[in-house]
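Source file: start_36.txt (compact mmCIF, N, CA and C atoms)
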# COMPACT_ATOMS: atom_id res chain seq x y z
N ILE A 111 0.85 -1.18 0.00
CA ILE A 111 0.00 0.00 0.00
C ILE A 111 0.89 1.23 0.00
N CYS A 112 0.55 2.19 -0.81
CA CYS A 112 1.27 3.46 -0.90
C CYS A 112 0.37 4.56 -0.35
N LEU A 113 0.84 5.27 0.66
CA LEU A 113 0.08 6.38 1.25
C LEU A 113 0.60 7.67 0.64
N LEU A 114 -0.27 8.41 -0.04
CA LEU A 114 0.14 9.64 -0.70
C LEU A 114 0.41 10.76 0.30
N ASP A 115 1.39 11.55 -0.02
CA ASP A 115 1.70 12.75 0.74
C ASP A 115 0.92 13.91 0.10
N TYR A 116 0.91 15.03 0.76
CA TYR A 116 0.21 16.20 0.23
C TYR A 116 0.94 17.45 0.68
N GLU A 117 0.72 18.53 -0.03
CA GLU A 117 1.27 19.81 0.36
C GLU A 117 0.20 20.59 1.11
N LEU A 118 0.61 21.48 1.99
CA LEU A 118 -0.36 22.26 2.77
C LEU A 118 -1.30 23.06 1.87
N LYS A 119 -0.77 23.61 0.77
CA LYS A 119 -1.64 24.40 -0.11
C LYS A 119 -2.72 23.52 -0.73
N GLU A 120 -2.41 22.24 -0.96
CA GLU A 120 -3.42 21.31 -1.48
C GLU A 120 -4.50 21.05 -0.45
N LEU A 121 -4.09 20.89 0.81
CA LEU A 121 -5.06 20.68 1.87
C LEU A 121 -5.94 21.91 2.04
N GLN A 122 -5.34 23.10 2.03
CA GLN A 122 -6.12 24.33 2.17
C GLN A 122 -7.13 24.45 1.03
N LEU A 123 -6.71 24.17 -0.19
CA LEU A 123 -7.62 24.24 -1.34
C LEU A 123 -8.75 23.23 -1.20
N ALA A 124 -8.42 22.02 -0.76
CA ALA A 124 -9.44 20.98 -0.60
C ALA A 124 -10.44 21.37 0.49
N ILE A 125 -9.98 22.01 1.54
CA ILE A 125 -10.87 22.45 2.61
C ILE A 125 -11.79 23.55 2.10
N GLU A 126 -11.23 24.50 1.38
CA GLU A 126 -12.00 25.65 0.91
C GLU A 126 -12.98 25.32 -0.20
N THR A 127 -12.62 24.39 -1.07
CA THR A 127 -13.46 24.13 -2.24
C THR A 127 -14.25 22.84 -2.15
N SER A 128 -13.98 22.04 -1.14
CA SER A 128 -14.58 20.71 -0.96
C SER A 128 -14.45 19.84 -2.20
N ALA A 129 -13.34 20.02 -2.90
CA ALA A 129 -13.06 19.20 -4.08
C ALA A 129 -11.56 18.97 -4.17
N ALA A 130 -11.20 17.80 -4.63
CA ALA A 130 -9.78 17.50 -4.83
C ALA A 130 -9.29 18.32 -6.02
N SER A 131 -8.08 18.82 -5.93
CA SER A 131 -7.55 19.64 -7.01
C SER A 131 -6.98 18.77 -8.11
N GLU A 132 -7.18 19.23 -9.33
CA GLU A 132 -6.58 18.56 -10.48
C GLU A 132 -5.11 18.97 -10.54
N GLY A 133 -4.30 18.11 -11.06
CA GLY A 133 -2.90 18.44 -11.23
C GLY A 133 -2.11 18.54 -9.94
N ARG A 134 -2.53 17.78 -8.93
CA ARG A 134 -1.80 17.78 -7.67
C ARG A 134 -0.39 17.28 -7.91
N PHE A 135 0.53 17.73 -7.04
CA PHE A 135 1.92 17.30 -7.21
C PHE A 135 2.04 15.80 -7.05
N THR A 136 1.07 15.15 -6.41
CA THR A 136 1.14 13.71 -6.20
C THR A 136 0.61 12.90 -7.37
N ASP A 137 0.03 13.56 -8.37
CA ASP A 137 -0.54 12.82 -9.50
C ASP A 137 0.47 11.87 -10.15
N ALA A 138 1.69 12.35 -10.35
CA ALA A 138 2.71 11.50 -10.97
C ALA A 138 3.06 10.33 -10.05
N TRP A 139 3.11 10.58 -8.74
CA TRP A 139 3.39 9.51 -7.79
C TRP A 139 2.26 8.48 -7.80
N TRP A 140 1.02 8.96 -7.86
CA TRP A 140 -0.15 8.09 -7.88
C TRP A 140 -0.06 7.15 -9.09
N ARG A 141 0.19 7.72 -10.25
CA ARG A 141 0.29 6.90 -11.47
C ARG A 141 1.43 5.89 -11.36
N ALA A 142 2.59 6.35 -10.91
CA ALA A 142 3.75 5.46 -10.82
C ALA A 142 3.50 4.32 -9.84
N ALA A 143 2.93 4.64 -8.69
CA ALA A 143 2.65 3.61 -7.68
C ALA A 143 1.61 2.62 -8.19
N SER A 144 0.57 3.14 -8.83
CA SER A 144 -0.48 2.27 -9.37
C SER A 144 0.08 1.35 -10.45
N GLU A 145 0.87 1.93 -11.34
CA GLU A 145 1.46 1.14 -12.42
C GLU A 145 2.41 0.08 -11.88
N ALA A 146 3.02 0.33 -10.72
CA ALA A 146 3.94 -0.63 -10.11
C ALA A 146 3.19 -1.68 -9.30
N GLY A 147 1.86 -1.56 -9.25
CA GLY A 147 1.06 -2.57 -8.56
C GLY A 147 0.70 -2.25 -7.12
N PHE A 148 1.01 -1.05 -6.67
CA PHE A 148 0.65 -0.66 -5.31
C PHE A 148 -0.80 -0.20 -5.23
N GLU A 149 -1.43 -0.48 -4.11
CA GLU A 149 -2.73 0.13 -3.80
C GLU A 149 -2.39 1.52 -3.27
N VAL A 150 -3.09 2.52 -3.75
CA VAL A 150 -2.77 3.89 -3.38
C VAL A 150 -3.89 4.45 -2.49
N VAL A 151 -3.50 5.02 -1.35
CA VAL A 151 -4.45 5.61 -0.42
C VAL A 151 -4.14 7.10 -0.31
N ASP A 152 -5.14 7.92 -0.53
CA ASP A 152 -4.99 9.37 -0.47
C ASP A 152 -5.72 9.89 0.77
N PRO A 153 -4.99 10.42 1.76
CA PRO A 153 -5.64 10.91 2.97
C PRO A 153 -6.26 12.30 2.84
N LEU A 154 -5.96 13.00 1.76
CA LEU A 154 -6.41 14.38 1.61
C LEU A 154 -7.93 14.55 1.72
N PRO A 155 -8.74 13.74 1.04
CA PRO A 155 -10.19 13.92 1.17
C PRO A 155 -10.69 13.76 2.61
N ALA A 156 -10.14 12.82 3.36
CA ALA A 156 -10.58 12.62 4.75
C ALA A 156 -10.17 13.81 5.62
N LEU A 157 -8.98 14.33 5.41
CA LEU A 157 -8.52 15.50 6.18
C LEU A 157 -9.39 16.72 5.88
N ALA A 158 -9.65 16.95 4.60
CA ALA A 158 -10.46 18.11 4.21
C ALA A 158 -11.89 17.98 4.73
N SER A 159 -12.44 16.79 4.63
CA SER A 159 -13.81 16.56 5.11
C SER A 159 -13.90 16.81 6.61
N TYR A 160 -12.93 16.29 7.36
CA TYR A 160 -12.92 16.50 8.81
C TYR A 160 -12.82 18.00 9.12
N ALA A 161 -11.96 18.70 8.41
CA ALA A 161 -11.77 20.13 8.65
C ALA A 161 -13.07 20.89 8.42
N ARG A 162 -13.77 20.57 7.35
CA ARG A 162 -15.04 21.26 7.06
C ARG A 162 -16.10 20.91 8.10
N GLU A 163 -16.24 19.63 8.41
CA GLU A 163 -17.27 19.20 9.36
C GLU A 163 -17.03 19.73 10.76
N GLN A 164 -15.78 19.76 11.19
CA GLN A 164 -15.44 20.20 12.55
C GLN A 164 -15.02 21.67 12.60
N LYS A 165 -15.11 22.33 11.44
CA LYS A 165 -14.72 23.74 11.34
C LYS A 165 -13.30 23.99 11.88
N GLN A 166 -12.39 23.16 11.41
CA GLN A 166 -10.98 23.24 11.82
C GLN A 166 -10.20 24.06 10.80
N GLU A 167 -9.27 24.83 11.29
CA GLU A 167 -8.33 25.55 10.43
C GLU A 167 -7.20 24.59 10.07
N ILE A 168 -6.46 24.93 9.04
CA ILE A 168 -5.36 24.08 8.58
C ILE A 168 -4.31 23.90 9.67
N ASN A 169 -4.17 24.88 10.56
CA ASN A 169 -3.18 24.77 11.63
C ASN A 169 -3.44 23.59 12.56
N ALA A 170 -4.66 23.08 12.60
CA ALA A 170 -4.97 21.92 13.44
C ALA A 170 -4.28 20.66 12.92
N PHE A 171 -3.83 20.69 11.68
CA PHE A 171 -3.25 19.51 11.05
C PHE A 171 -1.73 19.54 10.96
N ILE A 172 -1.11 20.58 11.49
CA ILE A 172 0.35 20.67 11.48
C ILE A 172 0.85 20.90 12.90
N LEU A 173 2.11 20.56 13.15
CA LEU A 173 2.66 20.74 14.49
C LEU A 173 2.80 22.21 14.84
N SER A 174 3.33 23.01 13.91
CA SER A 174 3.48 24.44 14.12
C SER A 174 3.82 25.09 12.78
N GLN A 175 3.83 26.40 12.76
CA GLN A 175 4.22 27.10 11.53
C GLN A 175 5.67 26.83 11.17
N ARG A 176 6.47 26.49 12.15
CA ARG A 176 7.88 26.19 11.90
C ARG A 176 8.10 24.72 11.54
N ASP A 177 7.17 23.88 11.93
CA ASP A 177 7.28 22.44 11.68
C ASP A 177 5.96 21.94 11.11
N ILE A 178 5.91 21.82 9.80
CA ILE A 178 4.64 21.51 9.15
C ILE A 178 4.38 20.00 9.02
N HIS A 179 5.07 19.22 9.83
CA HIS A 179 4.75 17.79 9.86
C HIS A 179 3.34 17.61 10.42
N PRO A 180 2.70 16.49 10.10
CA PRO A 180 1.32 16.27 10.59
C PRO A 180 1.23 16.28 12.12
N SER A 181 0.17 16.89 12.59
CA SER A 181 -0.12 16.93 14.03
C SER A 181 -0.66 15.58 14.48
N PRO A 182 -0.80 15.37 15.79
CA PRO A 182 -1.44 14.13 16.27
C PRO A 182 -2.84 13.93 15.66
N LEU A 183 -3.60 15.01 15.52
CA LEU A 183 -4.93 14.91 14.90
C LEU A 183 -4.82 14.43 13.46
N ALA A 184 -3.91 15.02 12.70
CA ALA A 184 -3.73 14.60 11.31
C ALA A 184 -3.28 13.15 11.24
N HIS A 185 -2.36 12.75 12.13
CA HIS A 185 -1.93 11.34 12.14
C HIS A 185 -3.10 10.41 12.44
N ARG A 186 -3.99 10.81 13.34
CA ARG A 186 -5.15 9.97 13.67
C ARG A 186 -6.06 9.81 12.45
N ILE A 187 -6.33 10.89 11.74
CA ILE A 187 -7.20 10.83 10.56
C ILE A 187 -6.54 10.03 9.46
N ILE A 188 -5.26 10.24 9.25
CA ILE A 188 -4.53 9.47 8.23
C ILE A 188 -4.54 7.99 8.59
N GLY A 189 -4.31 7.66 9.86
CA GLY A 189 -4.35 6.26 10.30
C GLY A 189 -5.70 5.63 10.12
N GLN A 190 -6.76 6.38 10.43
CA GLN A 190 -8.12 5.86 10.24
C GLN A 190 -8.40 5.62 8.75
N THR A 191 -7.92 6.51 7.91
CA THR A 191 -8.11 6.36 6.47
C THR A 191 -7.41 5.10 5.97
N LEU A 192 -6.19 4.91 6.42
CA LEU A 192 -5.42 3.73 6.02
C LEU A 192 -6.06 2.45 6.56
N ALA A 193 -6.49 2.46 7.83
CA ALA A 193 -7.13 1.29 8.41
C ALA A 193 -8.44 0.95 7.68
N SER A 194 -9.20 1.96 7.35
CA SER A 194 -10.45 1.73 6.62
C SER A 194 -10.17 1.08 5.27
N HIS A 195 -9.14 1.56 4.58
CA HIS A 195 -8.78 0.98 3.30
C HIS A 195 -8.39 -0.49 3.46
N ILE A 196 -7.58 -0.78 4.46
CA ILE A 196 -7.14 -2.16 4.69
C ILE A 196 -8.32 -3.06 5.01
N LEU A 197 -9.24 -2.61 5.85
CA LEU A 197 -10.38 -3.42 6.24
C LEU A 197 -11.36 -3.67 5.10
N GLN A 198 -11.37 -2.79 4.11
CA GLN A 198 -12.28 -2.94 2.98
C GLN A 198 -11.74 -3.88 1.91
N ARG A 199 -10.52 -4.34 2.06
CA ARG A 199 -9.91 -5.23 1.05
C ARG A 199 -10.53 -6.58 1.07

Would it be possible to restate this file's structure as C-alpha cells?
Amino acid sequence: ICLLDYELKELQLAIETSAASEGRFTDAWWRAASEAGFEVVDPLPALASYAREQKQEINAFILSQRDIHPSPLAHRIIGQTLASHILQR
C-alpha cells in the first residue's frame, strides 16, 4: 500500500473548495505507484472533510508554523483512512 503525501496548499484548497484539485503534485506519484502494482491511499479527502465538518483551520493539522509535519490529529485521521482501506480489502 502506498500512502500519498500532500502539500499544505493542497489541503487548504481541498478544505475551501470541498473538491480535490486537479494536477496535484502527487498525480505522478499516484500513477507510478499504481502502475507498479501498489494500492494507493490518499488521505487528503478525509482530512479536508474533517476540517469542514469540525470547522478546523489548517493549523490543526500541522505541528506548528515552523514544523509543518502532521499533528497528532492529522496522524489519527490518516491512520483511520489507512485502516479503513485495509479493512475494505

Run DSSP on the backbone of this structure and report the residues of chain A it assigns to strand (DSSP E or B), as a list in words.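 DSSP-assigned strand (DSSP E or B) residues in chain A: Cys112, Leu113, Val150, Val151, Ile172 and Pro180 of chain A.
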
Give me the residues near range 182-185 of chain A as a VMD selection string, where near means some atom within 6 Å (using all atoms listed in the file) and where sequence neighbours in that chain fewer than 5 positions away do not count. chain A and resid 170 to 171 190

Rounded to one decimal, what separation in Å do you get between atom N of Ala142 in chain A and CA of Ile125 in chain A? 25.0 Å

Adding 6 Å on each side of the box along x, y and z that holds all listed atoms of range 135-146 of chain A, could you give its centre and edge lengths in Å to one decimal, as AutoDock Vina command-line options?
--center_x 1.7 --center_y 8.0 --center_z -9.3 --size_x 16.5 --size_y 31.4 --size_z 18.2

Using only C-alpha atoms, list the residues that have an atom at most 10 Å from (-2.2, 6.6, -3.2), coordinates as in the file, as JSON, numbers by chain. {"A": [111, 112, 113, 114, 115, 136, 137, 139, 140, 141, 142, 143, 144, 148, 149, 150, 151, 152, 153]}

List every residue of chain A that DSSP, applied to the backbone of this structure, places in helix (DSSP H, G or I), and write the result as a PyMOL selection string. chain A and resi 118-127+137-145+154-164+168-171+182-197

Have a look at CA of Gln198 in chain A and CA of Arg186 in chain A and let me know their distance in Å, one decimal. 18.2 Å

Residue nearest Lys165 in chain A - candidates A:Pro180, A:Lys119, A:Glu126, A:Ile188, atoms counted: only C-alpha atoms: A:Glu126

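Compared by their closest atoms to Leu123 in chain A, and using all atoms listed in the file, the residues A:Arg199, A:Ala158, A:His179, A:Gln164 rank with A:Ala158 nearest.
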
Which residue of A:Ala146, A:Leu154, A:Thr127, A:Leu173 approaches Leu192 in chain A most closely, using only C-alpha atoms: A:Leu154

In terms of the shortest atom-to-atom distance over all atoms listed in the file, which of A:Ala138, A:Ser174, A:Ile187, A:Ser194 is closest to Ala156 in chain A? A:Ile187

Can you work out the spacing between atom C of Gly147 in chain A and atom C of Leu121 in chain A in Å, to one decimal?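 Calculated distance between atom C of Gly147 in chain A and atom C of Leu121 in chain A is 26.7 Å.
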
Residue rebuild result range 167-183 of chain A, N, CA, C and O atoms as a PDB file, keeping the file's coordinate frame:
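File produced: out.pdb:
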ATOM      1  N   GLU A 167      -9.270  24.830  11.290  1.00  0.00           N
ATOM      2  CA  GLU A 167      -8.330  25.550  10.430  1.00  0.00           C
ATOM      3  C   GLU A 167      -7.200  24.590  10.070  1.00  0.00           C
ATOM      4  O   GLU A 167      -6.965  23.596  10.753  1.00  0.00           O
ATOM      5  N   ILE A 168      -6.460  24.930   9.040  1.00  0.00           N
ATOM      6  CA  ILE A 168      -5.360  24.080   8.580  1.00  0.00           C
ATOM      7  C   ILE A 168      -4.310  23.900   9.670  1.00  0.00           C
ATOM      8  O   ILE A 168      -3.649  22.868   9.742  1.00  0.00           O
ATOM      9  N   ASN A 169      -4.170  24.880  10.560  1.00  0.00           N
ATOM     10  CA  ASN A 169      -3.180  24.770  11.630  1.00  0.00           C
ATOM     11  C   ASN A 169      -3.440  23.590  12.560  1.00  0.00           C
ATOM     12  O   ASN A 169      -2.532  23.129  13.247  1.00  0.00           O
ATOM     13  N   ALA A 170      -4.660  23.080  12.600  1.00  0.00           N
ATOM     14  CA  ALA A 170      -4.970  21.920  13.440  1.00  0.00           C
ATOM     15  C   ALA A 170      -4.280  20.660  12.920  1.00  0.00           C
ATOM     16  O   ALA A 170      -4.138  19.684  13.651  1.00  0.00           O
ATOM     17  N   PHE A 171      -3.830  20.690  11.680  1.00  0.00           N
ATOM     18  CA  PHE A 171      -3.250  19.510  11.050  1.00  0.00           C
ATOM     19  C   PHE A 171      -1.730  19.540  10.960  1.00  0.00           C
ATOM     20  O   PHE A 171      -1.131  18.628  10.407  1.00  0.00           O
ATOM     21  N   ILE A 172      -1.110  20.580  11.490  1.00  0.00           N
ATOM     22  CA  ILE A 172       0.350  20.670  11.480  1.00  0.00           C
ATOM     23  C   ILE A 172       0.850  20.900  12.900  1.00  0.00           C
ATOM     24  O   ILE A 172       0.104  21.390  13.759  1.00  0.00           O
ATOM     25  N   LEU A 173       2.110  20.560  13.150  1.00  0.00           N
ATOM     26  CA  LEU A 173       2.660  20.740  14.490  1.00  0.00           C
ATOM     27  C   LEU A 173       2.800  22.210  14.840  1.00  0.00           C
ATOM     28  O   LEU A 173       2.448  22.642  15.926  1.00  0.00           O
ATOM     29  N   SER A 174       3.330  23.010  13.910  1.00  0.00           N
ATOM     30  CA  SER A 174       3.480  24.440  14.120  1.00  0.00           C
ATOM     31  C   SER A 174       3.820  25.090  12.780  1.00  0.00           C
ATOM     32  O   SER A 174       4.081  24.386  11.806  1.00  0.00           O
ATOM     33  N   GLN A 175       3.830  26.400  12.760  1.00  0.00           N
ATOM     34  CA  GLN A 175       4.220  27.100  11.530  1.00  0.00           C
ATOM     35  C   GLN A 175       5.670  26.830  11.170  1.00  0.00           C
ATOM     36  O   GLN A 175       6.038  26.884  10.003  1.00  0.00           O
ATOM     37  N   ARG A 176       6.470  26.490  12.150  1.00  0.00           N
ATOM     38  CA  ARG A 176       7.880  26.190  11.900  1.00  0.00           C
ATOM     39  C   ARG A 176       8.100  24.720  11.540  1.00  0.00           C
ATOM     40  O   ARG A 176       9.110  24.364  10.963  1.00  0.00           O
ATOM     41  N   ASP A 177       7.170  23.880  11.930  1.00  0.00           N
ATOM     42  CA  ASP A 177       7.280  22.440  11.680  1.00  0.00           C
ATOM     43  C   ASP A 177       5.960  21.940  11.110  1.00  0.00           C
ATOM     44  O   ASP A 177       5.007  21.708  11.834  1.00  0.00           O
ATOM     45  N   ILE A 178       5.910  21.820   9.800  1.00  0.00           N
ATOM     46  CA  ILE A 178       4.640  21.510   9.150  1.00  0.00           C
ATOM     47  C   ILE A 178       4.380  20.000   9.020  1.00  0.00           C
ATOM     48  O   ILE A 178       3.531  19.584   8.251  1.00  0.00           O
ATOM     49  N   HIS A 179       5.070  19.220   9.830  1.00  0.00           N
ATOM     50  CA  HIS A 179       4.750  17.790   9.860  1.00  0.00           C
ATOM     51  C   HIS A 179       3.340  17.610  10.420  1.00  0.00           C
ATOM     52  O   HIS A 179       2.848  18.455  11.163  1.00  0.00           O
ATOM     53  N   PRO A 180       2.700  16.490  10.100  1.00  0.00           N
ATOM     54  CA  PRO A 180       1.320  16.270  10.590  1.00  0.00           C
ATOM     55  C   PRO A 180       1.230  16.280  12.120  1.00  0.00           C
ATOM     56  O   PRO A 180       2.095  15.738  12.807  1.00  0.00           O
ATOM     57  N   SER A 181       0.170  16.890  12.590  1.00  0.00           N
ATOM     58  CA  SER A 181      -0.120  16.930  14.030  1.00  0.00           C
ATOM     59  C   SER A 181      -0.660  15.580  14.480  1.00  0.00           C
ATOM     60  O   SER A 181      -0.993  14.720  13.648  1.00  0.00           O
ATOM     61  N   PRO A 182      -0.800  15.370  15.790  1.00  0.00           N
ATOM     62  CA  PRO A 182      -1.440  14.130  16.270  1.00  0.00           C
ATOM     63  C   PRO A 182      -2.840  13.930  15.660  1.00  0.00           C
ATOM     64  O   PRO A 182      -3.204  12.813  15.305  1.00  0.00           O
ATOM     65  N   LEU A 183      -3.600  15.010  15.520  1.00  0.00           N
ATOM     66  CA  LEU A 183      -4.930  14.910  14.900  1.00  0.00           C
ATOM     67  C   LEU A 183      -4.820  14.430  13.460  1.00  0.00           C
ATOM     68  O   LEU A 183      -5.540  13.520  13.042  1.00  0.00           O
TER      69      LEU A 183
END
